[in-house]
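Asker: Pasting model.txt below, which is compact mmCIF, C-alpha atoms.
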# COMPACT_ATOMS: atom_id res chain seq x y z
CA MET K 21 10.52 -10.99 9.02
CA ALA K 22 13.04 -11.68 11.81
CA ARG K 23 11.49 -12.75 15.10
CA ARG K 24 12.82 -11.48 18.39
CA ARG K 25 13.48 -13.63 21.41
CA PRO K 26 11.80 -12.05 24.47
CA GLY K 27 14.15 -9.69 26.30
CA THR K 28 16.60 -9.36 23.42
CA LEU K 29 17.27 -6.46 21.07
CA PHE K 30 17.70 -6.35 17.28
CA PRO K 31 21.08 -4.93 16.09
CA ILE K 32 19.31 -1.75 14.82
CA GLU K 33 17.76 -1.30 18.28
CA VAL K 34 21.17 -1.58 19.96
CA ASP K 35 22.53 1.05 17.54
CA ILE K 36 19.53 3.33 18.18
CA LEU K 37 19.93 3.04 21.95
CA GLU K 38 23.68 3.76 21.79
CA SER K 39 23.24 6.77 19.48
CA GLY K 40 20.12 7.88 21.35
CA LEU K 41 21.94 7.93 24.68
CA ALA K 42 24.81 9.92 23.15
CA LEU K 43 22.38 12.49 21.67
CA GLN K 44 20.31 12.55 24.85
CA ALA K 45 23.43 13.37 26.90
CA SER K 46 24.06 16.52 24.84
CA GLU K 47 20.55 17.58 23.71
CA GLY K 48 18.24 16.11 26.36
CA SER K 49 16.27 14.14 23.74
CA PHE K 50 16.59 13.10 20.09
CA TYR K 51 14.43 12.93 16.97
CA GLY K 52 14.34 10.73 13.88
CA PHE K 53 16.59 12.61 11.48
CA ALA K 54 19.16 13.51 14.18
CA LEU K 55 19.36 9.81 14.96
CA ALA K 56 19.77 8.89 11.28
CA LYS K 57 22.63 11.42 10.99
CA HIS K 58 24.34 10.11 14.13
CA LEU K 59 24.02 6.46 13.04
CA SER K 60 25.45 7.37 9.64
CA SER K 61 28.39 9.31 11.10
CA ARG K 62 29.29 6.42 13.45
CA ASP K 63 30.08 3.93 10.71
CA GLY K 64 30.17 6.15 7.62
CA SER K 65 27.20 4.33 6.07
CA ALA K 66 24.28 5.90 4.17
CA LEU K 67 21.45 7.51 6.17
CA THR K 68 19.10 4.89 7.63
CA SER K 69 16.02 4.41 5.45
CA HIS K 70 12.75 5.99 6.55
CA GLY K 71 10.94 2.67 6.85
CA THR K 72 13.60 0.91 8.93
CA LEU K 73 14.16 3.88 11.24
CA TYR K 74 10.55 4.79 12.02
CA LYS K 75 9.38 1.20 12.24
CA ALA K 76 12.11 0.49 14.83
CA LEU K 77 11.37 3.72 16.74
CA SER K 78 7.63 3.02 16.96
CA ARG K 79 8.27 -0.59 18.03
CA MET K 80 10.73 0.54 20.71
CA ALA K 81 8.33 3.22 21.98
CA GLU K 82 5.55 0.64 22.16
CA SER K 83 7.69 -1.79 24.13
CA GLY K 84 8.71 0.91 26.63
CA ILE K 85 12.39 1.05 25.67
CA LEU K 86 11.93 4.61 24.42
CA ASP K 87 9.66 7.39 25.56
CA ALA K 88 8.09 9.40 22.71
CA SER K 89 6.27 12.73 22.73
CA TRP K 90 5.56 15.51 20.24
CA GLU K 91 7.51 18.74 20.59
CA GLU K 92 5.59 21.84 21.73
CA PRO K 93 4.03 23.49 18.62
CA ALA K 94 5.27 26.94 19.72
CA SER K 95 8.96 26.06 19.53
CA ALA K 96 8.54 24.47 16.07
CA GLU K 97 6.51 27.46 14.84
CA SER K 98 9.09 29.94 16.10
CA GLU K 99 11.73 28.15 13.99
CA GLY K 100 9.34 27.77 11.03
CA ARG K 101 9.64 23.99 10.72
CA PRO K 102 7.41 20.93 11.27
CA ARG K 103 7.13 19.55 14.80
CA ARG K 104 9.65 16.91 15.82
CA ARG K 105 8.75 13.70 17.62
CA LEU K 106 11.16 13.65 20.53
CA TYR K 107 12.48 10.43 22.03
CA THR K 108 14.31 9.64 25.25
CA VAL K 109 15.79 6.32 26.32
CA THR K 110 13.92 5.01 29.37
CA ALA K 111 15.52 3.25 32.35
CA GLU K 112 14.22 -0.02 30.90
CA GLY K 113 15.93 0.85 27.61
CA SER K 114 19.25 1.53 29.34
CA ARG K 115 19.02 -1.81 31.18
CA ALA K 116 18.19 -3.65 27.93
CA LEU K 117 21.20 -2.02 26.25
CA VAL K 118 23.61 -2.98 29.05
CA LYS K 119 22.29 -6.55 28.91
CA ALA K 120 22.72 -6.67 25.11
CA GLN K 121 26.26 -5.26 25.35
CA VAL K 122 27.23 -7.83 28.03
CA GLU K 123 25.87 -10.63 25.84
CA THR K 124 27.77 -9.32 22.81
CA HIS K 125 31.05 -9.20 24.81
CA ARG K 126 30.41 -12.71 26.11
CA THR K 127 29.82 -14.01 22.56
CA GLU K 128 32.92 -12.22 21.27
CA ALA K 129 35.00 -13.61 24.15
CA SER K 130 33.84 -17.18 23.54
CA ALA K 131 34.34 -17.01 19.76
CA PRO K 132 38.18 -17.26 19.76
CA ARG K 133 38.00 -20.24 22.15
CA ILE K 134 35.67 -22.05 19.74
CA ALA K 135 38.04 -21.18 16.89
CA GLN K 136 41.04 -22.51 18.86
CA ALA K 137 39.12 -25.69 19.67
CA GLY K 138 38.38 -26.02 15.98
CA VAL K 139 42.11 -25.82 15.21
CA THR K 140 42.87 -28.49 17.88
CA PHE K 141 40.25 -30.88 16.46
CA ALA K 142 41.53 -30.35 12.95
CA MET M 25 19.62 27.61 -4.91
CA SER M 26 18.69 25.99 -1.59
CA VAL M 27 17.54 22.38 -1.40
CA LEU M 28 14.30 23.35 0.34
CA THR M 29 13.12 25.53 -2.55
CA SER M 30 14.40 23.32 -5.38
CA THR M 31 12.14 21.42 -7.80
CA PHE M 32 14.17 18.23 -7.30
CA TYR M 33 13.46 18.27 -3.58
CA HIS M 34 9.75 19.02 -4.09
CA HIS M 35 9.39 16.16 -6.57
CA ALA M 36 11.12 13.77 -4.17
CA VAL M 37 8.94 14.93 -1.24
CA SER M 38 5.82 14.56 -3.36
CA ARG M 39 6.75 10.97 -4.30
CA VAL M 40 7.65 9.99 -0.74
CA SER M 41 4.42 11.57 0.57
CA ARG M 42 2.34 9.68 -2.00
CA TRP M 43 4.02 6.43 -0.99
CA CYS M 44 3.42 7.25 2.69
CA SER M 45 -0.26 8.03 2.04
CA TRP M 46 -0.56 4.67 0.27
CA TYR M 47 0.97 2.49 2.95
CA THR M 48 -0.74 4.29 5.85
CA ARG M 49 -4.26 3.87 4.41
CA GLU M 50 -6.63 1.62 6.38
CA VAL M 51 -4.29 1.86 9.36
CA ASP M 52 -5.39 3.34 12.71
CA ILE M 53 -5.91 7.09 12.04
CA GLU M 54 -3.71 8.27 14.90
CA VAL M 55 -0.86 5.88 14.11
CA ALA M 56 -1.01 6.86 10.43
CA ALA M 57 -0.98 10.59 11.28
CA THR M 58 2.02 10.10 13.58
CA ARG M 59 3.96 8.35 10.82
CA ARG M 60 3.06 11.03 8.24
CA ASP M 61 3.99 13.93 10.56
CA GLU M 62 7.23 12.26 11.61
CA LEU M 63 8.17 11.68 7.98
CA ALA M 64 7.31 15.29 7.08
CA SER M 65 9.65 16.47 9.84
CA ASP M 66 12.39 14.10 8.63
CA LEU M 67 12.14 15.35 5.03
CA TYR M 68 12.37 18.96 6.18
CA GLU M 69 15.37 18.28 8.47
CA HIS M 70 17.03 16.37 5.61
CA ALA M 71 16.77 19.44 3.34
CA ILE M 72 18.19 21.76 6.01
CA TRP M 73 21.07 19.35 6.69
CA ALA M 74 21.74 18.98 2.94
CA ASP M 75 21.96 22.78 2.63
CA GLU M 76 24.34 23.02 5.59
CA SER M 77 26.59 20.24 4.28
CA GLY M 78 26.67 21.71 0.77
CA THR M 79 24.81 18.86 -0.92
CA THR M 80 23.28 19.77 -4.29
CA PRO M 81 19.46 19.69 -4.58
CA ARG M 82 19.66 16.85 -7.11
CA ALA M 83 21.88 14.73 -4.79
CA ALA M 84 19.64 15.47 -1.79
CA ALA M 85 16.53 14.45 -3.73
CA ARG M 86 18.27 11.24 -4.86
CA GLU M 87 19.23 10.46 -1.27
CA ILE M 88 15.66 11.02 -0.05
CA LEU M 89 14.27 8.72 -2.73
CA SER M 90 16.93 6.13 -1.93
CA ARG M 91 15.98 6.20 1.76
CA ALA M 92 12.32 5.75 0.85
CA LEU M 93 13.07 2.90 -1.55
CA ARG M 94 15.37 1.06 0.87
CA GLY M 95 12.75 1.39 3.60
CA ALA M 96 9.81 0.18 1.48
CA PRO M 97 9.97 -3.46 2.72
CA ALA M 98 10.00 -2.22 6.34
CA ASP M 99 7.07 0.11 5.55
CA LEU M 100 5.09 -2.81 4.17
CA THR M 101 5.78 -5.08 7.18
CA TRP M 102 4.89 -2.16 9.48
CA ARG M 103 1.62 -1.72 7.54
CA HIS M 104 0.88 -5.43 7.81
CA ALA M 105 1.45 -5.37 11.60
CA GLN M 106 -0.71 -2.26 12.02
CA ARG M 107 -3.53 -3.72 9.91
CA ARG M 108 -3.36 -6.86 12.01
CA LYS M 109 -3.84 -4.75 15.14
CA VAL M 110 -6.87 -3.05 13.58
CA ALA M 111 -8.24 -6.48 12.62
CA LEU M 112 -7.80 -7.88 16.12
CA ALA M 113 -9.56 -4.82 17.56
CA ASP M 114 -12.53 -5.20 15.18
CA PRO M 115 -12.72 -8.72 13.65
CA THR M 116 -16.16 -8.13 12.05
CA ARG M 117 -14.90 -5.13 10.07
CA PHE M 118 -11.78 -7.10 9.07
CA ARG M 119 -13.92 -10.01 7.81
CA ARG M 120 -16.02 -7.56 5.82
CA LEU M 121 -12.87 -6.06 4.28
CA ARG M 122 -11.63 -9.53 3.30
CA ILE M 123 -14.98 -10.33 1.63
CA GLU M 124 -14.89 -6.94 -0.09
CA GLU M 125 -11.41 -7.66 -1.47
CA ALA M 126 -12.48 -11.12 -2.66
CA VAL M 127 -15.56 -9.69 -4.43
CA SER M 128 -13.46 -6.97 -6.10
CA SER M 129 -10.91 -9.51 -7.32
CA LEU M 130 -13.60 -11.84 -8.71
CA VAL M 131 -15.35 -9.01 -10.56
CA LEU M 132 -12.07 -7.76 -12.01
CA VAL M 133 -11.14 -11.27 -13.18
CA ALA M 134 -14.57 -11.73 -14.84
CA ALA M 135 -14.41 -8.29 -16.49
CA SER M 136 -10.87 -8.96 -17.74
CA ALA M 137 -12.04 -12.29 -19.16
CA VAL M 138 -14.90 -10.58 -21.05
CA LEU M 139 -12.49 -7.94 -22.41
CA GLY M 140 -9.95 -10.64 -23.28
CA TRP M 141 -12.63 -12.56 -25.19
CA GLY M 142 -13.58 -9.41 -27.11
CA LEU M 143 -9.95 -8.73 -28.03
CA PHE M 144 -9.51 -12.35 -29.12
CA VAL M 145 -12.53 -12.20 -31.44
CA LEU M 146 -11.38 -8.83 -32.79
CA THR M 147 -7.93 -10.28 -33.52
CA ARG M 148 -9.52 -13.17 -35.41
CA ILE M 149 -11.64 -10.69 -37.40
CA VAL M 150 -8.59 -8.57 -38.28
CA LEU M 151 -6.57 -11.63 -39.34
CA SER M 152 -9.46 -12.93 -41.45
CA THR M 153 -9.93 -9.49 -43.04
CA ILE M 154 -6.21 -9.37 -43.93
CA GLY M 155 -6.50 -12.93 -45.35
CA GLU M 156 -9.54 -11.72 -47.33
CA GLN M 157 -11.80 -14.40 -45.78
CA ILE M 158 -14.35 -11.76 -44.78
CA ARG M 159 -15.08 -8.28 -46.09
CA PRO M 160 -13.86 -5.40 -43.96
CA GLY M 161 -16.22 -3.31 -41.81
CA SER M 162 -19.08 -5.81 -41.47
CA ALA M 163 -21.91 -4.92 -39.07
CA THR M 164 -20.96 -7.79 -36.70
CA ALA M 165 -17.30 -6.69 -36.62
CA ILE M 166 -18.30 -3.10 -35.79
CA THR M 167 -20.70 -4.35 -33.08
CA ILE M 168 -17.93 -6.50 -31.53
CA ALA M 169 -15.44 -3.60 -31.66
CA SER M 170 -18.01 -1.36 -29.91
CA PHE M 171 -18.72 -3.91 -27.18
CA THR M 172 -14.97 -4.46 -26.68
CA ALA M 173 -14.48 -0.71 -26.24
CA LEU M 174 -17.40 -0.70 -23.78
CA ALA M 175 -15.82 -3.61 -21.85
CA ALA M 176 -12.54 -1.65 -21.66
CA CYS M 177 -14.44 1.38 -20.27
CA GLY M 178 -16.22 -0.87 -17.76
CA LEU M 179 -12.93 -2.36 -16.60
CA VAL M 180 -11.38 1.10 -16.13
CA LEU M 181 -14.42 2.21 -14.08
CA LEU M 182 -14.20 -0.98 -11.98
CA LEU M 183 -10.67 -0.08 -10.92
CA GLN M 184 -11.88 3.00 -9.02
CA ARG M 185 -13.88 2.63 -5.80
CA ARG M 186 -16.09 5.64 -6.63
CA THR M 187 -17.02 4.47 -10.14
CA ARG M 188 -17.14 0.70 -9.72
CA VAL M 189 -20.96 0.53 -9.49
CA GLY M 190 -21.18 2.13 -12.95
CA GLY M 191 -18.41 -0.17 -14.19
CA ALA M 192 -20.27 -3.30 -13.01
CA LEU M 193 -23.52 -2.13 -14.65
CA ILE M 194 -21.74 -1.30 -17.91
CA MET M 195 -20.13 -4.77 -17.98
CA VAL M 196 -23.60 -6.35 -18.29
CA LEU M 197 -23.86 -5.06 -21.88
CA PRO M 198 -20.52 -6.38 -23.29
CA SER M 199 -21.14 -9.67 -21.45
CA PHE M 200 -24.18 -10.14 -23.64
CA GLY M 201 -22.79 -8.56 -26.82
CA LEU M 202 -19.36 -10.14 -26.85
CA VAL M 203 -20.52 -13.67 -26.03
CA HIS M 204 -23.51 -13.59 -28.40
CA PHE M 205 -21.99 -11.78 -31.41
CA GLY M 206 -18.50 -13.16 -30.73
CA LEU M 207 -19.70 -16.75 -31.03
CA TYR M 208 -21.82 -15.80 -34.04
CA GLN M 209 -18.76 -14.31 -35.76
CA LEU M 210 -16.48 -17.19 -34.80
CA TYR M 211 -19.03 -19.65 -36.22
CA SER M 212 -17.86 -18.60 -39.68
CA LEU M 213 -14.20 -17.98 -38.80
CA SER M 214 -13.27 -20.80 -36.39
CA THR M 215 -13.43 -24.49 -37.30
CA THR M 216 -13.64 -25.41 -33.61
CA VAL M 217 -16.63 -23.16 -32.88
CA GLY M 218 -18.32 -24.32 -36.10
CA ALA M 219 -17.83 -27.98 -35.17
CA LEU M 220 -18.99 -27.43 -31.57
CA THR M 221 -22.17 -25.68 -32.75
CA PHE M 222 -23.13 -28.72 -34.81
CA THR M 223 -21.91 -31.54 -32.54
CA MET M 224 -22.80 -30.22 -29.06
CA PRO M 225 -26.56 -30.40 -28.48
CA GLY M 226 -26.48 -28.04 -25.49
CA TRP M 227 -24.23 -25.43 -27.18
CA GLU M 228 -26.88 -22.73 -27.44
CA LEU M 229 -28.13 -23.41 -23.93
CA ALA M 230 -24.54 -23.17 -22.62
CA SER M 231 -23.84 -19.86 -24.38
CA ASN M 232 -27.18 -18.41 -23.23
CA SER M 233 -26.48 -19.56 -19.66
CA LEU M 234 -23.07 -17.88 -19.82
CA ILE M 235 -24.67 -14.62 -20.96
CA VAL M 236 -27.33 -14.74 -18.23
CA GLY M 237 -24.76 -15.82 -15.60
CA LEU M 238 -22.36 -12.99 -16.42
CA GLY M 239 -25.20 -10.48 -16.52
CA MET M 240 -26.47 -11.60 -13.12
CA PHE M 241 -22.95 -11.63 -11.69
CA PHE M 242 -22.19 -8.03 -12.71
CA THR M 243 -25.67 -6.86 -11.60
CA ALA M 244 -25.16 -8.54 -8.21
CA ALA M 245 -21.75 -6.82 -7.90
CA ALA M 246 -23.38 -3.43 -8.63
CA ILE M 247 -26.05 -4.10 -5.96
CA TRP M 248 -23.35 -5.22 -3.46
CA TRP M 249 -21.40 -2.01 -4.03
CA TRP M 250 -24.45 0.28 -4.24
CA PRO M 251 -23.76 3.22 -1.90
CA GLU M 252 -25.61 3.06 1.40
CA ARG M 253 -28.02 5.89 2.13
CA ARG M 254 -26.28 8.13 4.64
CA THR M 255 -28.19 9.59 7.58
CA THR M 256 -28.06 13.36 7.30
CA PRO M 257 -27.73 15.55 10.41
CA ALA M 258 -31.27 16.84 9.67
CA ASP M 259 -32.63 13.26 9.80
CA THR M 260 -30.86 12.64 13.10
CA SER M 261 -32.15 15.87 14.71
CA THR M 262 -35.72 15.10 13.56
CA ARG M 263 -35.44 11.60 15.02
CA LEU M 264 -34.03 12.95 18.30
CA LYS M 265 -36.84 15.52 18.43
CA THR M 266 -39.43 12.79 17.91
CA ILE M 267 -37.87 10.68 20.65
CA GLY M 268 -37.86 13.78 22.93
CA GLU M 269 -41.54 14.43 22.22
CA MET M 270 -42.40 10.80 22.85
CA ALA M 271 -40.60 10.96 26.20
CA ARG M 272 -42.70 13.99 27.17
Turn the structure described in the file into structure tokens.

Answerer:
Amino acid sequence: MARRRPGTLFPIEVDILESGLALQASEGSFYGFALAKHLSSRDGSALTSHGTLYKALSRMAESGILDASWEEPASAESEGRPRRRLYTVTAEGSRALVKAQVETHRTEASAPRIAQAGVTFA
Amino acid sequence: MSVLTSTFYHHAVSRVSRWCSWYTREVDIEVAATRRDELASDLYEHAIWADESGTTPRAAAREILSRALRGAPADLTWRHAQRRKVALADPTRFRRLRIEEAVSSLVLVAASAVLGWGLFVLTRIVLSTIGEQIRPGSATAITIASFTALAACGLVLLLQRRTRVGGALIMVLPSFGLVHFGLYQLYSLSTTVGALTFTMPGWELASNSLIVGLGMFFTAAAIWWWPERRTTPADTSTRLKTIGEMAR
């Protein structure tokens, strides 16, 4: 199992935060399957597996990156469906995402320089 | 036909739910319930979405099973992490579970060995009968076949938590029968057993010790697993009443 350096995010967590924020902006919160659909539509891949998705969501909720709560039973009953577990990205989650995005840009920016240096040495 | 009412979807949901029940067992009750409810919601939303996007029930069911299969390694690592949390919260219970698992494994290995021995002797009997070395349907052969069948029953009972006490007790009988009559039968069929019987002075003592050892082992396992007497609510109220009277 991959180990996380403190203060860093796994790629799936970055994707969840990006999609989560997009869904949160339009719906106010998001739930597991809506997130799986959004992630799939972003890159045209298959729907995220149950295990990967819900393991990541529970880990992120535990670490305070996401806030999780069960939907009111009345609204689920009125629509005749099971209750959804609703998530919102916390302020801490937004900060962690910005930090991860900055680091990704920095790595991408430094990569061509390393490649050029490699050409020079060769 | 909608996905939600299709047989394909129901079969897929049933399989995924069974898998979920398996990997959430012995995990914190609340955490397990959250995972099960969240998955139930996901499966429902998946069916609705499949209907809206015009996916056939068969394709939707295949996609659900594929998601479950691809996520199985993550489910197992999640289970491991959750069990670790439970263990850290209650180390005594965790130690007891580890001992319990070790005992179960040992008993299953011993029972499989007894059954394996029975099948080996039976195979030798069948081969010798085909080779016309012994006459078919001898009393010893029938006894060994019966004890082998009994050992198979015992092993099946040992696999279930509810029936394992009975399984352990049943295994005492084939332990005696298969070792005693098996060696007796092999004495005439196997050159090795025949030679060992004559050359090894402690042969009989060793075989008798094996019989007694196996018998004691399976009896001890049955005692270890014997269900504890549960305190009924009536017992508790009587005890509370007595304590109340003593206080007065």

Asker: With only C-alpha atoms considered, list every residue of chain M at most 8 Å from chain K, as a list of chain:residue names.

Answerer: M:Arg59, M:Asp61, M:Glu62, M:Leu63, M:Ala64, M:Ser65, M:Asp66, M:Tyr68, M:Glu69, M:His70, M:Ser90, M:Arg91, M:Ala92, M:Leu93, M:Arg94, M:Gly95, M:Ala96, M:Pro97, M:Ala98, M:Asp99, M:Thr101, M:Trp102

Asker: Kindly save the residues from that selection, with C-alpha atoms included, as a short mmCIF file (atom, residue, chain, number, x, y, z; two decimals), in the coordinates of the input.

Answerer:
data_model
loop_
_atom_site.label_atom_id
_atom_site.label_comp_id
_atom_site.auth_asym_id
_atom_site.auth_seq_id
_atom_site.Cartn_x
_atom_site.Cartn_y
_atom_site.Cartn_z
CA ARG M 59 3.96 8.35 10.82
CA ASP M 61 3.99 13.93 10.56
CA GLU M 62 7.23 12.26 11.61
CA LEU M 63 8.17 11.68 7.98
CA ALA M 64 7.31 15.29 7.08
CA SER M 65 9.65 16.47 9.84
CA ASP M 66 12.39 14.10 8.63
CA TYR M 68 12.37 18.96 6.18
CA GLU M 69 15.37 18.28 8.47
CA HIS M 70 17.03 16.37 5.61
CA SER M 90 16.93 6.13 -1.93
CA ARG M 91 15.98 6.20 1.76
CA ALA M 92 12.32 5.75 0.85
CA LEU M 93 13.07 2.90 -1.55
CA ARG M 94 15.37 1.06 0.87
CA GLY M 95 12.75 1.39 3.60
CA ALA M 96 9.81 0.18 1.48
CA PRO M 97 9.97 -3.46 2.72
CA ALA M 98 10.00 -2.22 6.34
CA ASP M 99 7.07 0.11 5.55
CA THR M 101 5.78 -5.08 7.18
CA TRP M 102 4.89 -2.16 9.48
#

Asker: Just want the 9 Å neighbourhood of range 134-147 of chain M, counted on all atoms listed in the file, with same-chain residues fewer than 4 positions away dropped. Output as a count of residues only.

Answerer: 29

Asker: I'd like the interatomic distance between CA of Thr164 in chain M and CA of Leu197 in chain M, to a tenth of an Å.

Answerer: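 Result for CA of Thr164 in chain M versus CA of Leu197 in chain M: 15.3 Å, one decimal.
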
Asker: What residues have an atom no more than 12 Å from (17.7, -0.8, 28.5) in the file's own frame, counting only C-alpha atoms, and can you write them as a ChimeraX atom specification?

Answerer: /K:27-29,33-34,36-38,40-41,80,83-87,108-122

Asker: Write the residues of the selection above to a file with C-alpha atoms, as an mmCIF file, keeping the file's coordinate frame.

Answerer:
data_model
loop_
_atom_site.group_PDB
_atom_site.id
_atom_site.type_symbol
_atom_site.label_atom_id
_atom_site.label_comp_id
_atom_site.auth_asym_id
_atom_site.auth_seq_id
_atom_site.Cartn_x
_atom_site.Cartn_y
_atom_site.Cartn_z
ATOM 1 C CA GLY K 27 14.150 -9.690 26.300
ATOM 2 C CA THR K 28 16.600 -9.360 23.420
ATOM 3 C CA LEU K 29 17.270 -6.460 21.070
ATOM 4 C CA GLU K 33 17.760 -1.300 18.280
ATOM 5 C CA VAL K 34 21.170 -1.580 19.960
ATOM 6 C CA ILE K 36 19.530 3.330 18.180
ATOM 7 C CA LEU K 37 19.930 3.040 21.950
ATOM 8 C CA GLU K 38 23.680 3.760 21.790
ATOM 9 C CA GLY K 40 20.120 7.880 21.350
ATOM 10 C CA LEU K 41 21.940 7.930 24.680
ATOM 11 C CA MET K 80 10.730 0.540 20.710
ATOM 12 C CA SER K 83 7.690 -1.790 24.130
ATOM 13 C CA GLY K 84 8.710 0.910 26.630
ATOM 14 C CA ILE K 85 12.390 1.050 25.670
ATOM 15 C CA LEU K 86 11.930 4.610 24.420
ATOM 16 C CA ASP K 87 9.660 7.390 25.560
ATOM 17 C CA THR K 108 14.310 9.640 25.250
ATOM 18 C CA VAL K 109 15.790 6.320 26.320
ATOM 19 C CA THR K 110 13.920 5.010 29.370
ATOM 20 C CA ALA K 111 15.520 3.250 32.350
ATOM 21 C CA GLU K 112 14.220 -0.020 30.900
ATOM 22 C CA GLY K 113 15.930 0.850 27.610
ATOM 23 C CA SER K 114 19.250 1.530 29.340
ATOM 24 C CA ARG K 115 19.020 -1.810 31.180
ATOM 25 C CA ALA K 116 18.190 -3.650 27.930
ATOM 26 C CA LEU K 117 21.200 -2.020 26.250
ATOM 27 C CA VAL K 118 23.610 -2.980 29.050
ATOM 28 C CA LYS K 119 22.290 -6.550 28.910
ATOM 29 C CA ALA K 120 22.720 -6.670 25.110
ATOM 30 C CA GLN K 121 26.260 -5.260 25.350
ATOM 31 C CA VAL K 122 27.230 -7.830 28.030
#

Asker: Of the residues K:Ala94, K:Gly48, K:Ser39, K:Tyr107, which is the one nearest to Leu77 in chain K, using all atoms listed in the file?

Answerer: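 Comparing K:Ala94, K:Gly48, K:Ser39, K:Tyr107 against Leu77 in chain K, the winner is K:Tyr107.
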
Asker: Pull out range 34-54 of chain K, keep C-alpha atoms, and write it as a PDB file, in the first residue's frame.

Answerer:
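Output file selection.pdb follows:
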ATOM      1  CA  VAL K  34      -6.588  15.641  -5.799  1.00  0.00           C
ATOM      2  CA  ASP K  35      -9.121  14.423  -8.399  1.00  0.00           C
ATOM      3  CA  ILE K  36     -11.829  14.049  -5.725  1.00  0.00           C
ATOM      4  CA  LEU K  37     -11.196  17.553  -4.386  1.00  0.00           C
ATOM      5  CA  GLU K  38     -11.271  19.099  -7.878  1.00  0.00           C
ATOM      6  CA  SER K  39     -14.469  17.275  -8.878  1.00  0.00           C
ATOM      7  CA  GLY K  40     -15.960  17.786  -5.412  1.00  0.00           C
ATOM      8  CA  LEU K  41     -15.442  21.542  -5.569  1.00  0.00           C
ATOM      9  CA  ALA K  42     -17.018  21.670  -9.038  1.00  0.00           C
ATOM     10  CA  LEU K  43     -20.073  19.694  -7.844  1.00  0.00           C
ATOM     11  CA  GLN K  44     -20.247  21.664  -4.609  1.00  0.00           C
ATOM     12  CA  ALA K  45     -20.365  24.934  -6.582  1.00  0.00           C
ATOM     13  CA  SER K  46     -23.506  23.808  -8.431  1.00  0.00           C
ATOM     14  CA  GLU K  47     -25.238  21.469  -5.936  1.00  0.00           C
ATOM     15  CA  GLY K  48     -23.989  22.644  -2.532  1.00  0.00           C
ATOM     16  CA  SER K  49     -22.593  19.187  -1.703  1.00  0.00           C
ATOM     17  CA  PHE K  50     -21.785  15.913  -3.464  1.00  0.00           C
ATOM     18  CA  TYR K  51     -22.225  12.178  -2.891  1.00  0.00           C
ATOM     19  CA  GLY K  52     -20.311   9.059  -3.904  1.00  0.00           C
ATOM     20  CA  PHE K  53     -21.953   8.137  -7.194  1.00  0.00           C
ATOM     21  CA  ALA K  54     -22.194  11.774  -8.401  1.00  0.00           C
TER      22      ALA K  54
END
